[in-house]
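Below is one structure, written out as structure tokens, with a few remarks after it.
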Amino acid sequence: MANNGDETHRHIIHLPSKARLASLLAVAVYPLITLLLYGMSMVTASWTIWQRTLIVTPVMVLLMVYVVIPGVHRLFSRFILRPVRVPAE
């Protein structure tokens, strides 16, 4: 059987790289959490750390799920997905 271009592409799949995704998310999360903490510091200056965390955590989770992770996937999908060759059967 002749090896044409279509046959070659059937044996390459794209798998997400967890290390690449984690590094991009860390870069995106750091400024976001810093801005949240600075923004809240005026109101929560006298609060204990657990009280601040109680407020920041749900905000951060919602931002991650609905803004940061979809944005990172949309902007960097080519970097996150790595091609892997699957042996021909």
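Labels used: A, B, ... for chains in the order of the structure tokens, numbers from 1 for residues in each chain, and numbers from 1 for ligands as shown.
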ask   = Would you give me, as a PyMOL selection string, the residues in chain A that DSSP reads as helix (DSSP H, G or I)?
value = chain A and resi 5-10+18-41+49-80
message = Can you tell me, as a ChimeraX atom specification, which residues in chain A count as strand (DSSP E) by DSSP?
response = /A:12-16,81-85
inquiry  = So that I can see what lies close to Met40 in chain A, please list as a PyMOL selection string the residues with an atom at most 9 Å from it, counting only C-alpha atoms and leaving out residues fewer than 4 positions away in the same chain.
reply    = chain A and resi 35-36+44-45+52+56
Could you save the residues just selected, with C-alpha atoms, as a PDB file, in the first residue's frame?
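This is the output file again-v4.pdb:
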ATOM      1  CA  LEU A  35      -3.839  41.977  41.915  1.00  0.00           C
ATOM      2  CA  LEU A  36      -6.636  40.341  43.909  1.00  0.00           C
ATOM      3  CA  THR A  44      -9.259  43.494  54.605  1.00  0.00           C
ATOM      4  CA  ALA A  45      -6.217  45.035  56.285  1.00  0.00           C
ATOM      5  CA  ARG A  52      -8.767  36.837  53.365  1.00  0.00           C
ATOM      6  CA  VAL A  56     -10.028  35.234  47.582  1.00  0.00           C
TER       7      VAL A  56
END
query = So which residues touch Ala26 in chain A within 12 Å, counting only C-alpha atoms, skipping near sequence neighbours fewer than 5 positions away, as a PyMOL selection string?
reply = chain A and resi 19-21+31-33+64+68-69+72
Distance of CA of Lys18 in chain A from CA of Val84 in chain A, expressed in Å to one decimal place = 14.1 Å
key: Of the listed residues A:Pro83, A:Pro70, A:Gly39, A:Pro58, that which approaches Leu15 in chain A most closely, counting only C-alpha atoms   = A:Pro83
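For the residues A:Thr48, A:Val43, A:His11, A:Met60, ranking by smallest atom-to-atom distance to Tyr30 in chain A using only C-alpha atoms places A:Met60 first.
Atom to atom, CA of Arg85 in chain A and CA of His73 in chain A stand 22.1 Å apart.
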